[in-house]
Each structure stands twice: as C-alpha cells, then as structure tokens.
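S.K.: What follows is the file model27.txt, containing compact mmCIF, C-alpha atoms and all ligand atoms:
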```txt
# COMPACT_ATOMS: atom_id res chain seq x y z
CA MET R 1 137.43 59.27 132.06
CA PHE R 2 135.66 58.60 135.41
CA LYS R 3 133.31 61.08 137.04
CA LEU R 4 131.32 60.50 140.21
CA ILE R 5 128.37 62.73 141.10
CA THR R 6 127.75 62.05 144.77
CA ASP R 7 124.58 62.08 146.85
CA VAL R 8 122.40 63.74 144.24
CA ARG R 9 118.59 63.42 144.12
CA VAL R 10 117.94 61.56 140.88
CA PHE R 11 114.90 61.98 138.64
CA ALA R 12 115.39 59.41 135.90
CA PRO R 13 112.65 60.81 135.15
CA GLU R 14 111.16 58.60 137.91
CA THR R 15 112.16 59.65 141.43
CA LEU R 16 115.02 57.42 142.57
CA GLY R 17 116.02 59.39 145.68
CA PRO R 18 119.63 60.24 146.64
CA LYS R 19 122.19 58.34 144.53
CA ASP R 20 125.77 58.38 143.33
CA ILE R 21 126.07 58.50 139.54
CA LEU R 22 129.18 57.02 137.95
CA ILE R 23 130.07 58.31 134.48
CA VAL R 24 132.57 56.32 132.43
CA GLY R 25 133.54 58.03 129.20
CA GLU R 26 130.33 59.05 127.42
CA LYS R 27 128.01 56.70 129.35
CA ILE R 28 126.27 56.38 132.69
CA ALA R 29 127.89 53.26 134.17
CA ALA R 30 126.05 53.08 137.50
CA VAL R 31 123.37 54.79 139.59
CA GLU R 32 123.72 53.43 143.13
CA LYS R 33 123.09 54.14 146.80
CA PRO R 34 125.41 56.91 148.05
CA GLY R 35 128.80 55.63 149.17
CA THR R 36 128.54 52.21 147.55
CA ILE R 37 130.55 52.84 144.36
CA LYS R 38 134.26 52.29 145.07
CA ILE R 39 136.97 52.99 142.52
CA GLU R 40 140.62 52.43 143.46
CA GLY R 41 143.83 53.15 141.62
CA LEU R 42 142.20 55.34 138.99
CA GLY R 43 141.64 59.08 138.86
CA VAL R 44 138.02 60.03 139.55
CA GLU R 45 136.62 63.53 139.28
CA VAL R 46 134.13 63.93 142.12
CA ILE R 47 131.22 66.37 141.90
CA ASP R 48 129.37 67.03 145.16
CA GLY R 49 125.69 66.73 144.29
CA SER R 50 124.31 66.85 147.83
CA SER R 51 122.40 70.12 147.35
CA LEU R 52 121.39 69.37 143.76
CA LEU R 53 118.98 67.28 141.75
CA ALA R 54 119.78 65.40 138.55
CA THR R 55 117.64 65.01 135.43
CA PRO R 56 118.33 63.70 131.93
CA GLY R 57 119.49 66.36 129.42
CA PHE R 58 116.75 68.13 127.45
CA VAL R 59 115.75 66.83 124.03
CA ASP R 60 114.61 69.58 121.65
CA PRO R 61 112.96 67.98 118.62
CA HIS R 62 112.57 71.01 116.31
CA VAL R 63 115.58 73.27 115.86
CA HIS R 64 116.68 75.32 112.85
CA ILE R 65 120.34 74.50 113.46
CA LEU R 66 121.28 75.97 110.09
CA GLY R 67 119.13 79.05 110.72
CA GLY R 68 115.57 79.45 109.48
CA GLY R 69 113.69 82.52 108.33
CA GLY R 70 114.27 84.22 105.00
CA GLU R 71 110.58 85.03 104.64
CA GLY R 72 111.30 88.76 104.47
CA GLY R 73 114.07 88.46 101.88
CA PRO R 74 117.74 87.44 102.01
CA ALA R 75 118.60 89.80 104.87
CA THR R 76 116.12 87.94 107.12
CA ARG R 77 117.86 84.57 106.85
CA ALA R 78 118.48 83.66 110.50
CA PRO R 79 121.98 82.71 111.71
CA GLU R 80 123.16 79.18 112.52
CA ILE R 81 122.94 77.88 116.07
CA ARG R 82 126.08 77.45 118.24
CA ILE R 83 126.57 74.73 120.85
CA GLU R 84 126.83 77.43 123.53
CA ASP R 85 123.20 78.40 122.75
CA CYS R 86 122.02 74.82 123.36
CA LEU R 87 124.20 73.67 126.24
CA SER R 88 123.77 76.83 128.32
CA CYS R 89 120.04 76.01 128.33
CA GLY R 90 120.46 72.33 129.20
CA VAL R 91 119.64 71.08 125.70
CA THR R 92 121.97 68.15 124.99
CA THR R 93 120.07 66.62 122.05
CA VAL R 94 118.49 68.35 119.05
CA ILE R 95 116.67 67.33 115.90
CA GLY R 96 117.59 69.79 113.16
CA CYS R 97 115.31 70.81 110.31
CA LEU R 98 114.89 73.16 107.36
CA GLY R 99 111.76 75.31 107.09
CA THR R 100 110.21 77.62 104.50
CA ASP R 101 113.46 78.11 102.63
CA SER R 102 114.53 75.10 100.63
CA VAL R 103 115.98 77.34 97.91
CA THR R 104 119.00 78.86 99.66
CA ARG R 105 119.21 76.18 102.41
CA HIS R 106 120.10 72.61 101.59
CA LEU R 107 119.87 69.24 103.27
CA SER R 108 123.54 68.48 102.66
CA SER R 109 124.43 71.63 104.65
CA LEU R 110 121.94 70.61 107.37
CA LEU R 111 123.58 67.20 107.64
CA ALA R 112 127.07 68.77 107.78
CA LYS R 113 125.92 71.20 110.49
CA ALA R 114 124.46 68.33 112.53
CA ARG R 115 127.76 66.46 112.23
CA ALA R 116 129.67 69.61 113.29
CA LEU R 117 127.51 70.06 116.42
CA GLU R 118 128.00 66.39 117.26
CA ILE R 119 131.80 66.76 117.03
CA GLU R 120 131.59 69.86 119.25
CA GLY R 121 129.73 67.89 121.93
CA LEU R 122 125.98 67.90 121.25
CA SER R 123 123.91 64.91 120.13
CA THR R 124 122.09 65.53 116.86
CA TRP R 125 119.66 64.01 114.41
CA ILE R 126 117.88 65.62 111.45
CA PHE R 127 114.65 65.57 109.46
CA VAL R 128 114.90 65.27 105.72
CA GLY R 129 112.72 67.67 103.73
CA ALA R 130 111.42 71.22 104.14
CA TYR R 131 108.00 72.98 104.03
CA ASN R 132 107.17 71.87 100.49
CA LEU R 133 105.91 68.61 98.99
CA PRO R 134 107.37 66.87 97.07
CA THR R 135 110.11 67.62 99.53
CA PRO R 136 113.88 67.86 99.01
CA THR R 137 115.96 64.78 99.79
CA ILE R 138 119.63 63.78 99.90
CA THR R 139 119.60 60.43 98.08
CA GLY R 140 116.55 60.94 95.87
CA SER R 141 113.78 59.66 98.13
CA VAL R 142 112.56 60.21 101.68
CA ARG R 143 112.41 56.46 102.12
CA SER R 144 116.07 55.87 101.27
CA ASP R 145 117.29 58.94 103.19
CA ILE R 146 115.70 57.56 106.37
CA ALA R 147 116.78 53.99 105.67
CA LEU R 148 120.39 54.81 104.73
CA ILE R 149 121.58 57.98 106.46
CA ASP R 150 122.23 57.46 110.18
CA LYS R 151 121.30 60.98 111.26
CA VAL R 152 117.98 61.08 109.40
CA ILE R 153 115.13 59.87 111.65
CA GLY R 154 112.15 61.18 109.73
CA ALA R 155 110.88 63.98 107.49
CA GLY R 156 110.01 67.54 108.49
CA GLU R 157 109.04 70.21 108.94
CA ILE R 158 106.46 69.78 106.19
CA ALA R 159 103.91 72.61 106.13
CA LEU R 160 100.16 71.99 106.29
CA SER R 161 97.24 74.43 106.60
CA ASP R 162 99.55 77.39 106.02
CA HIS R 163 99.76 80.05 103.33
CA ARG R 164 103.47 79.23 103.01
CA SER R 165 102.89 75.51 102.39
CA SER R 166 102.99 74.03 98.89
CA GLN R 167 99.23 73.39 99.30
CA PRO R 168 99.81 69.63 99.17
CA THR R 169 96.96 67.34 98.19
CA PHE R 170 95.84 64.63 100.61
CA GLU R 171 97.50 62.06 98.34
CA GLU R 172 100.84 63.93 98.42
CA PHE R 173 100.60 64.11 102.22
CA LEU R 174 99.79 60.42 102.48
CA HIS R 175 102.60 59.42 100.15
CA LEU R 176 105.11 61.30 102.34
CA VAL R 177 103.86 59.58 105.49
CA ALA R 178 104.04 56.18 103.76
CA GLU R 179 107.63 56.91 102.67
CA CYS R 180 108.51 57.76 106.29
CA ARG R 181 106.87 54.60 107.58
CA VAL R 182 108.67 52.20 105.24
CA GLY R 183 111.97 54.13 105.43
CA GLY R 184 111.77 53.88 109.22
CA MET R 185 111.12 50.15 109.08
CA LEU R 186 114.03 49.53 106.71
CA GLY R 187 116.39 51.70 108.73
CA GLY R 188 115.25 50.52 112.18
CA LYS R 189 114.13 54.05 113.06
CA ALA R 190 110.99 55.90 114.10
CA GLY R 191 110.43 57.24 110.56
CA VAL R 192 108.27 60.08 111.85
CA ALA R 193 106.66 62.68 109.60
CA HIS R 194 106.85 65.99 111.51
CA PHE R 195 104.28 68.55 110.32
CA HIS R 196 104.38 72.32 110.72
CA LEU R 197 100.81 73.53 111.23
CA GLY R 198 99.85 77.04 110.20
CA ASP R 199 96.78 79.11 111.14
CA GLY R 200 94.70 77.81 108.20
CA HIS R 201 91.18 76.57 108.86
CA ARG R 202 91.99 73.06 107.60
CA GLY R 203 94.03 72.43 110.78
CA LEU R 204 94.62 68.72 111.37
CA ASP R 205 92.04 67.57 108.76
CA TYR R 206 94.57 65.49 106.80
CA LEU R 207 95.71 63.72 109.98
CA PHE R 208 92.18 62.78 111.01
CA ARG R 209 91.45 61.59 107.46
CA MET R 210 94.61 59.48 107.50
CA LEU R 211 93.32 57.59 110.54
CA GLU R 212 89.89 57.04 108.98
CA GLU R 213 90.98 56.03 105.51
CA THR R 214 94.34 54.22 105.86
CA GLU R 215 96.18 51.62 107.92
CA ILE R 216 98.84 54.12 109.06
CA PRO R 217 98.96 54.51 112.86
CA ALA R 218 98.62 57.93 114.53
CA THR R 219 102.16 57.63 115.91
CA GLN R 220 103.70 57.83 112.41
CA VAL R 221 103.15 61.59 112.39
CA ILE R 222 103.38 64.51 114.80
CA PRO R 223 101.96 68.02 114.35
CA THR R 224 103.96 70.94 115.77
CA HIS R 225 103.07 74.59 116.67
CA ILE R 226 99.81 73.05 117.92
CA ASN R 227 99.46 75.81 120.54
CA ARG R 228 99.58 78.63 117.95
CA ASN R 229 95.81 79.17 118.17
CA ARG R 230 92.92 77.86 120.26
CA VAL R 231 91.04 76.04 117.51
CA LEU R 232 94.18 74.13 116.50
CA PHE R 233 94.95 73.35 120.15
CA GLU R 234 91.46 71.85 120.60
CA GLN R 235 92.14 69.64 117.57
CA GLY R 236 95.44 68.70 119.20
CA LEU R 237 93.60 67.48 122.29
CA LYS R 238 91.38 65.36 120.06
CA TRP R 239 94.50 64.00 118.32
CA ILE R 240 95.91 62.90 121.70
CA LYS R 241 92.62 61.11 122.49
CA LEU R 242 93.01 59.22 119.20
CA GLY R 243 96.43 57.98 120.31
CA GLY R 244 98.52 60.64 118.58
CA TYR R 245 101.39 62.80 119.84
CA ILE R 246 101.55 66.60 119.68
CA ASP R 247 104.47 69.03 119.85
CA LEU R 248 104.09 72.39 121.60
CA THR R 249 106.27 75.30 120.54
CA CYS R 250 107.64 77.46 123.32
CA GLY R 251 108.52 81.06 122.73
CA PRO R 252 108.20 84.48 124.30
CA GLU R 253 105.01 85.03 126.33
CA PRO R 254 102.09 85.21 123.86
CA VAL R 255 101.07 88.75 122.82
CA ASP R 256 97.99 87.42 121.07
CA GLU R 257 95.17 86.02 123.23
CA ASP R 258 94.45 83.36 120.65
CA GLU R 259 97.88 81.80 121.27
CA VAL R 260 98.16 79.19 124.03
CA SER R 261 101.36 79.36 126.11
CA VAL R 262 103.19 76.09 126.87
CA THR R 263 102.27 76.40 130.54
CA GLU R 264 98.58 76.93 129.76
CA ALA R 265 98.61 74.09 127.23
CA LEU R 266 100.19 71.66 129.67
CA SER R 267 97.86 72.58 132.50
CA GLN R 268 94.85 72.08 130.18
CA ILE R 269 96.13 68.69 129.01
CA LYS R 270 96.68 67.62 132.60
CA ALA R 271 93.30 68.95 133.76
CA ALA R 272 91.58 67.05 130.93
CA GLY R 273 93.19 63.84 132.20
CA LEU R 274 94.99 63.26 128.87
CA PRO R 275 98.29 61.38 128.83
CA LEU R 276 101.21 63.81 129.14
CA THR R 277 103.42 61.03 127.76
CA GLN R 278 102.05 61.94 124.29
CA VAL R 279 103.27 65.53 124.48
CA THR R 280 106.64 67.01 123.51
CA VAL R 281 107.92 70.59 123.59
CA SER R 282 110.32 72.19 121.12
CA SER R 283 111.98 75.58 120.81
CA ASP R 284 111.90 76.27 117.04
CA ALA R 285 115.29 77.84 117.87
CA ASN R 286 117.00 79.93 115.20
CA GLY R 287 113.79 80.34 113.30
CA SER R 288 113.12 84.06 112.84
CA LEU R 289 110.80 85.84 115.26
CA PRO R 290 109.18 89.22 114.72
CA VAL R 291 109.48 91.61 117.69
CA PHE R 292 106.56 93.97 118.33
CA ASP R 293 106.26 96.96 120.66
CA LYS R 294 103.32 97.33 123.08
CA LYS R 295 101.18 98.88 120.33
CA GLY R 296 101.81 95.92 118.05
CA GLN R 297 104.24 97.79 115.75
CA LEU R 298 106.98 95.66 114.23
CA LEU R 299 110.31 96.66 115.78
CA GLY R 300 112.47 94.14 113.97
CA LEU R 301 113.50 90.52 113.89
CA THR R 302 115.23 88.27 116.34
CA VAL R 303 115.76 84.52 116.47
CA ALA R 304 113.80 82.01 118.54
CA SER R 305 116.01 80.66 121.29
CA GLN R 306 116.34 77.73 123.63
CA LYS R 307 116.37 80.23 126.50
CA ASP R 308 112.57 80.07 126.21
CA PHE R 309 112.75 76.27 126.37
CA LEU R 310 114.64 76.34 129.70
CA GLN R 311 112.40 79.17 130.89
CA ALA R 312 109.26 77.17 130.08
CA PHE R 313 110.61 74.11 131.94
CA ARG R 314 111.39 76.22 135.02
CA LYS R 315 107.97 77.87 134.97
CA VAL R 316 106.17 74.55 134.57
CA VAL R 317 108.05 73.13 137.58
CA LEU R 318 108.19 76.19 139.85
CA ASP R 319 104.52 77.09 139.27
CA LYS R 320 103.68 73.41 139.92
CA ILE R 321 101.85 73.06 136.58
CA LEU R 322 103.36 69.56 136.36
CA THR R 323 105.30 67.39 138.78
CA LEU R 324 109.04 67.29 138.12
CA GLU R 325 108.73 63.75 136.76
CA GLU R 326 106.02 64.80 134.32
CA ALA R 327 107.97 67.88 133.23
CA ILE R 328 111.11 65.84 132.52
CA LYS R 329 109.08 63.49 130.36
CA VAL R 330 107.61 66.37 128.36
CA PHE R 331 110.97 68.17 127.90
CA SER R 332 113.16 65.09 127.40
CA SER R 333 112.06 61.46 127.72
CA ASN R 334 108.91 61.59 125.54
CA ALA R 335 110.76 62.92 122.50
CA ALA R 336 113.62 60.45 123.04
CA ARG R 337 111.15 57.56 123.08
CA PHE R 338 108.88 58.81 120.28
CA TYR R 339 111.76 59.47 117.86
CA LYS R 340 113.66 56.36 119.09
CA LEU R 341 116.79 58.34 119.97
CA GLN R 342 119.19 55.68 121.19
CA GLY R 343 120.65 56.29 124.67
CA LYS R 344 118.63 59.45 125.33
CA GLY R 345 115.98 60.67 127.76
CA LYS R 346 116.76 58.55 130.82
CA LEU R 347 119.20 58.76 133.65
CA LEU R 348 119.97 55.05 134.00
CA PRO R 349 123.01 52.79 133.51
CA GLY R 350 123.79 52.22 129.82
CA PHE R 351 122.25 55.53 128.74
CA ASP R 352 124.37 58.43 127.47
CA ALA R 353 125.74 60.65 130.23
CA ASP R 354 123.58 63.66 129.30
CA ILE R 355 122.85 64.97 132.78
CA LEU R 356 121.56 68.26 134.17
CA LEU R 357 122.13 69.26 137.79
CA PHE R 358 119.75 71.90 139.14
CA ASP R 359 119.85 73.68 142.50
CA GLU R 360 116.73 74.27 144.65
CA SER R 361 115.75 77.38 142.66
CA PHE R 362 116.01 75.37 139.43
CA THR R 363 119.06 77.25 138.26
CA LEU R 364 121.18 75.07 136.04
CA GLN R 365 124.45 74.38 137.88
CA TYR R 366 125.95 71.61 135.76
CA VAL R 367 125.42 70.25 132.25
CA PHE R 368 127.09 67.02 131.16
CA SER R 369 126.81 66.14 127.48
CA ARG R 370 127.98 62.62 126.58
CA GLY R 371 130.05 62.65 129.77
CA LYS R 372 131.78 65.99 129.22
CA VAL R 373 131.29 68.88 131.64
CA MET R 374 129.80 71.70 129.54
CA VAL R 375 128.45 73.89 132.36
CA GLU R 376 130.16 73.91 135.76
CA LYS R 377 128.91 75.86 138.77
CA ALA R 378 126.49 77.74 136.46
CA GLU R 379 129.36 78.77 134.18
CA LEU R 380 129.55 77.73 130.52
CA LYS R 381 132.77 75.81 129.93
CA VAL R 382 132.51 74.97 126.25
CA LYS R 383 133.13 77.02 123.15
CA SER R 384 132.18 76.23 119.59
CA THR R 385 134.90 76.02 116.94
CA PHE R 386 134.76 79.66 115.88
CA SER R 387 134.30 81.19 119.33
CA TYR R 388 138.02 81.07 120.19
ZN ZN B 401 107.35 75.63 111.68
```
Let me see whether you can do it: turn the structure in this file into structure tokens.
Ligand code: ZN
M.R.:
Amino acid sequence: MFKLITDVRVFAPETLGPKDILIVGEKIAAVEKPGTIKIEGLGVEVIDGSSLLATPGFVDPHVHILGGGGEGGPATRAPEIRIEDCLSCGVTTVIGCLGTDSVTRHLSSLLAKARALEIEGLSTWIFVGAYNLPTPTITGSVRSDIALIDKVIGAGEIALSDHRSSQPTFEEFLHLVAECRVGGMLGGKAGVAHFHLGDGHRGLDYLFRMLEETEIPATQVIPTHINRNRVLFEQGLKWIKLGGYIDLTCGPEPVDEDEVSVTEALSQIKAAGLPLTQVTVSSDANGSLPVFDKKGQLLGLTVASQKDFLQAFRKVVLDKILTLEEAIKVFSSNAARFYKLQGKGKLLPGFDADILLFDESFTLQYVFSRGKVMVEKAELKVKSTFSY
C-alpha cells in the first residue's frame, strides 16, 4: 500500500532536486525534502533512490495494441501487444488504434484489448476509427463514441495523403474533425483527430485549409509520421508555427536519406527555436515493419516496438539533443496534456504513480505503473495473463 522512494533526483518534468516520493495505492501522495516524510505503525516498502533519477512514466500516443499490418495478406497481420513489451520500455500509458485494416480488426476488440491491458497494469485509452472515412465507430457516430465511451479520447489513425487512404474529400475530413470537436466537448475530453500522413504530395494541405476556411483551432488535430520524409517534415515545422502539434514516429535508424530520425527532427525543431511543448513522439508499436538487408532486399516482416521509443529517449538525452526536462515533455507530459489524460505526465502529488527510475547511464532500473512495481533492479517483474 505505501511505498517510499528516498533521496531520488526528481524531474517532474521540471527539476525539483533530491526528494522523497511517497506512493499510496495508485497515487503519488507526496514529493518532499528527503527525510521529512514520517510514517509510523504501517508497513512501508522503501526503495533507495539515492543513485537514481525519477521521471514520469512514458506516454505513447499511437500504438497498435491489437496488432496492425495485414497489408501483405492475412499472414502479415501483426500480433497483439503484451504489457511486458510496454512496461519493460518504461511506457506506462498508451493510446491504442486501428490502422489500414478495418475489415478483420474491429473497434469492439480494440476496446476490449485496452480494458485487458488496463486490468493487467497499464493505463490505456483508444482512438475510434481506422484509416478510412467515413470511419468505423462503436455506437454509430464518432461524436457519441467520444462523448459516451470513457476510453475513447478522439478519432484515429485516419489516413491522409496516402495511397492506402480512402481518398477522403476535404468535406469528409472536416466533418470528422467537427465530430471530434463536439464529441470532445460533450464528453469533457480532448476530442482530437489523429491523422496518419503518407508520402503523398498533398501532405498537410487539408490541415492548412482547415485553419484558413473554418473556425476549428489547430489543436483539434494532430498529424503523425511527420518525419517520414523531408517535405512533410518542413510542413510540420510550419504547422507548429501556426500553433499546431505534431507527432514524430520513432523506429529503427532510417535506411532512406529522405526520412528524418527522431533525434534529427528534435534537434532541428530546437535549433529553429520552435516550441518543443507542441511535439510528441510515438512508437507505432505492433504495426508491421519491413526488414531490408544492406542492398535494400526485403528480408521479411517484423513488428514496430517500444524498444525504439526507449532507445530514442536515451539517445536524445545522452547525446544532449534536448535537456532531460525537454525530453520528458516530448516523451510523456506533452501527450498527457494534449490528449487530456487525467493523472498522467507529471510527477507531482495527486498524479498517478507512474514513475521511472533511471541510473546515471540512463538504464531503466525501476518502473512503477499506477503504484505497482513492474520493473525492479532492471528486471521485469510483471507477466501478462497468458505468459504464465
Ligand atoms: Zn500510420
């Protein structure tokens, strides 16, 4: 019930210096000067944090929790994610989504999977919809799904400027965003429309047009995979200047020079003096990934993984691309705030006890998810239902 992490350097994401963190049940109850929290007559599990630093758990806002893929036929449908995959990489919160396949994958299954992960110890939300417009829903409309179903915080990933999209008209696009906006208002949620961007030359055209021709604010939508090519990335920088948010997709090191790695993207955004608070990073985990040899020959398929998410965070911090505070915002707090994820993204009293403890080399030593120890001394302690 009570856990006390002692004398740990806290990044909330703001630097708070050495503190004791008291966890009561699933929540952070106190963050105080070392030695000042006294509990008597009750059992307290004490974790020595003196050589460690504490950050909020990672928030990954684009995860194919049910498995994505399927674009090469039924045998290429990617497998479902397991909590071990997330928690071993420090991801304590995910937003689940469907992708290209809305024929053999369904929103009811996505919702059930999100509930299962939550029971197993992760925190989860979902997007309603899939690549195509009009997009699938649970209750019959995007607006009512967002307003009525607790786990639904927006719609996504809806494909634009991609050969796999449903080639939506501007009006179809706008209608979806309007449904998200009003659904969000009625449900007290962010009501974000999350757009997959392909390599097509139209890029962010619909988003720019939306700002020019309607009353909808830039923050109602977010484009993802914005670092997939340099032209799209440039448009992403323009989108930030207009007050919008962008989502970068991390993955294996780019093989194609046209692709912009997360580290390069973040250093460019910082160098341009643009607000890093309008940037999130996601893993696209359990979407399918082609694997090529050095000559560019297709070797086979694998799944995108949150290992690349943790790897990207470590690289960004260790290579000093961003300060630790900035990196925590990009990998956790920004998404929590943008999607209005209650209790997430900060290491402060009243927030959920989703806490990562790193050592000096930025190796993950401890992961707490809603107060439970999931990784202890760099060893995974949790197993999903079918791993026993
Ligand atoms: Zn996508």
S.K.: What is the CA of Ser102 in chain R-CA of Phe331 in chain R distance in Å, reported with one decimal?
M.R.: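 Computing it gives 28.4 Å between the two atoms.
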S.K.: Measure the distance from CA of Met1 in chain R to CA of Ala54 in chain R in Å and round it to one decimal.
M.R.: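 Straight-line distance from CA of Met1 in chain R to CA of Ala54 in chain R works out to 19.8 Å.
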S.K.: Using all atoms listed in the file, can you tell me which of R:Ile81, R:Ala147, R:Leu197, R:Val330 comes closest to Ala116 in chain R?
M.R.: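 Nearest to Ala116 in chain R: R:Ile81.
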S.K.: Pick from R:Val63, R:Leu356, R:Met374, R:Leu289: nearest to Glu120 in chain R, with only C-alpha atoms counted?
M.R.: R:Met374
S.K.: Take the point (125.4, 62.3, 128.5) as written in the file and pick out every residue within 9 Å of it, counting all atoms listed in the file; give the list as a ChimeraX atom specification.
M.R.: /R:23,26-28,56-57,92,123,343-344,347,351-355,367-372
S.K.: For the residues in that selection, give me C-alpha atoms as a short mmCIF file (atom, residue, chain, number, x, y, z; two decimals), keeping the file's coordinate frame.
M.R.:
```cif
data_model
loop_
_atom_site.label_atom_id
_atom_site.label_comp_id
_atom_site.auth_asym_id
_atom_site.auth_seq_id
_atom_site.Cartn_x
_atom_site.Cartn_y
_atom_site.Cartn_z
CA ILE R 23 130.07 58.31 134.48
CA GLU R 26 130.33 59.05 127.42
CA LYS R 27 128.01 56.70 129.35
CA ILE R 28 126.27 56.38 132.69
CA PRO R 56 118.33 63.70 131.93
CA GLY R 57 119.49 66.36 129.42
CA THR R 92 121.97 68.15 124.99
CA SER R 123 123.91 64.91 120.13
CA GLY R 343 120.65 56.29 124.67
CA LYS R 344 118.63 59.45 125.33
CA LEU R 347 119.20 58.76 133.65
CA PHE R 351 122.25 55.53 128.74
CA ASP R 352 124.37 58.43 127.47
CA ALA R 353 125.74 60.65 130.23
CA ASP R 354 123.58 63.66 129.30
CA ILE R 355 122.85 64.97 132.78
CA VAL R 367 125.42 70.25 132.25
CA PHE R 368 127.09 67.02 131.16
CA SER R 369 126.81 66.14 127.48
CA ARG R 370 127.98 62.62 126.58
CA GLY R 371 130.05 62.65 129.77
CA LYS R 372 131.78 65.99 129.22
#
```
S.K.: For the contact check between chain R and ligand ZN 401 (chain B), emit one row per residue of chain R within 12 Å, containing the shortest atom pair and the distance in Å rounded to one decimal, counting only C-alpha atoms and all ligand atoms, chain then rising number order, as a tab-separated table.
M.R.:
```
residue	atom	partner	partner_atom	distance
R:Pro61	CA	B:ZN401	ZN	11.8
R:His62	CA	B:ZN401	ZN	8.4
R:Val63	CA	B:ZN401	ZN	9.5
R:His64	CA	B:ZN401	ZN	9.4
R:Gly68	CA	B:ZN401	ZN	9.3
R:Gly69	CA	B:ZN401	ZN	9.9
R:Gly96	CA	B:ZN401	ZN	11.9
R:Cys97	CA	B:ZN401	ZN	9.4
R:Leu98	CA	B:ZN401	ZN	9.0
R:Gly99	CA	B:ZN401	ZN	6.4
R:Thr100	CA	B:ZN401	ZN	8.0
R:Asp101	CA	B:ZN401	ZN	11.2
R:Ala130	CA	B:ZN401	ZN	9.6
R:Tyr131	CA	B:ZN401	ZN	8.1
R:Asn132	CA	B:ZN401	ZN	11.8
R:Gly156	CA	B:ZN401	ZN	9.1
R:Glu157	CA	B:ZN401	ZN	6.3
R:Ile158	CA	B:ZN401	ZN	8.1
R:Ala159	CA	B:ZN401	ZN	7.2
R:Leu160	CA	B:ZN401	ZN	9.7
R:Ser161	CA	B:ZN401	ZN	11.4
R:Asp162	CA	B:ZN401	ZN	9.8
R:Arg164	CA	B:ZN401	ZN	10.2
R:Ser165	CA	B:ZN401	ZN	10.3
R:His194	CA	B:ZN401	ZN	9.7
R:Phe195	CA	B:ZN401	ZN	7.8
R:His196	CA	B:ZN401	ZN	4.5
R:Leu197	CA	B:ZN401	ZN	6.9
R:Gly198	CA	B:ZN401	ZN	7.8
R:Asp199	CA	B:ZN401	ZN	11.1
R:Pro223	CA	B:ZN401	ZN	9.7
R:Thr224	CA	B:ZN401	ZN	7.1
R:His225	CA	B:ZN401	ZN	6.7
R:Ile226	CA	B:ZN401	ZN	10.1
R:Asn227	CA	B:ZN401	ZN	11.9
R:Arg228	CA	B:ZN401	ZN	10.4
R:Asp247	CA	B:ZN401	ZN	10.9
R:Leu248	CA	B:ZN401	ZN	10.9
R:Thr249	CA	B:ZN401	ZN	8.9
R:Cys250	CA	B:ZN401	ZN	11.8
R:Ser282	CA	B:ZN401	ZN	10.5
R:Ser283	CA	B:ZN401	ZN	10.2
R:Asp284	CA	B:ZN401	ZN	7.1
R:Ala285	CA	B:ZN401	ZN	10.3
R:Asn286	CA	B:ZN401	ZN	11.1
R:Gly287	CA	B:ZN401	ZN	8.1
R:Ser288	CA	B:ZN401	ZN	10.3
R:Leu289	CA	B:ZN401	ZN	11.4
R:Ala304	CA	B:ZN401	ZN	11.4
```
S.K.: I'd like the neighbourhood of Gly300 in chain R as JSON, numbers by chain, where a residue qualifies if any of its atoms comes within 10 Å (using only C-alpha atoms), though same-chain residues fewer than 5 positions away should be ignored.
M.R.: {"R": [76, 289, 290, 291, 292, 293]}
S.K.: Report, in Å to a single decimal, how far apart CA of Glu118 in chain R and CA of Gly251 in chain R are.
M.R.: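 Rounded to one decimal, the two atoms are 25.0 Å apart.
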S.K.: With only C-alpha atoms as the basis for distance, which of R:Lys346, R:Lys151, R:Arg202, R:Lys320 is at the shortest distance from Phe11 in chain R?
M.R.: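 That would be R:Lys346, the residue with the smallest distance to Phe11 in chain R.
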S.K.: Find the residues near Ala271 in chain R: any atom within 12 Å, counting all atoms listed in the file, skip ones fewer than 6 places away on the same chain, and give them as a PyMOL selection string.
M.R.: chain R and resi 237+264-265+321-322
S.K.: Looking at R:Trp125, R:Val24, R:Leu87, R:Pro79, which one is nearest to Leu310 in chain R, with distances taken over only C-alpha atoms?
M.R.: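 Using only C-alpha atoms, Leu310 in chain R sits closest to R:Leu87.
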S.K.: Glu253 in chain R: which residues within 12 Å, counting all atoms listed in the file, same-chain residues fewer than 6 positions away excluded, as a PyMOL selection string?
M.R.: chain R and resi 228+259-264+291+308-309+311-312+315
S.K.: Can range 139-149 of chain R be brought up to N, CA, C and O atoms and written out as a tab-separated table (two decimals), keeping the file's coordinate frame?
M.R.:
```
chain	number	residue	atom	x	y	z
R	139	THR	N	119.28	61.56	98.98
R	139	THR	CA	119.60	60.43	98.08
R	139	THR	C	118.61	60.28	96.93
R	139	THR	O	118.81	59.44	96.06
R	140	GLY	N	117.53	61.08	96.95
R	140	GLY	CA	116.55	60.94	95.87
R	140	GLY	C	115.17	60.53	96.37
R	140	GLY	O	114.19	60.73	95.68
R	141	SER	N	115.10	59.93	97.56
R	141	SER	CA	113.78	59.66	98.13
R	141	SER	C	113.82	59.75	99.65
R	141	SER	O	114.86	59.51	100.28
R	142	VAL	N	112.68	60.12	100.22
R	142	VAL	CA	112.56	60.21	101.68
R	142	VAL	C	112.83	58.84	102.29
R	142	VAL	O	113.54	58.69	103.28
R	143	ARG	N	112.27	57.83	101.63
R	143	ARG	CA	112.41	56.46	102.12
R	143	ARG	C	113.88	56.06	102.23
R	143	ARG	O	114.33	55.56	103.27
R	144	SER	N	114.67	56.30	101.20
R	144	SER	CA	116.07	55.87	101.27
R	144	SER	C	116.90	56.78	102.18
R	144	SER	O	117.83	56.33	102.83
R	145	ASP	N	116.56	58.07	102.26
R	145	ASP	CA	117.29	58.94	103.19
R	145	ASP	C	117.16	58.40	104.62
R	145	ASP	O	118.14	58.32	105.36
R	146	ILE	N	115.91	58.05	105.00
R	146	ILE	CA	115.70	57.56	106.37
R	146	ILE	C	116.36	56.19	106.55
R	146	ILE	O	117.00	55.92	107.57
R	147	ALA	N	116.23	55.34	105.55
R	147	ALA	CA	116.78	53.99	105.67
R	147	ALA	C	118.31	54.00	105.70
R	147	ALA	O	118.92	53.18	106.40
R	148	LEU	N	118.94	54.92	104.96
R	148	LEU	CA	120.39	54.81	104.73
R	148	LEU	C	121.26	55.80	105.49
R	148	LEU	O	122.43	55.54	105.71
R	149	ILE	N	120.71	56.96	105.84
R	149	ILE	CA	121.58	57.98	106.46
R	149	ILE	C	121.33	57.99	107.97
R	149	ILE	O	120.22	58.26	108.43
```
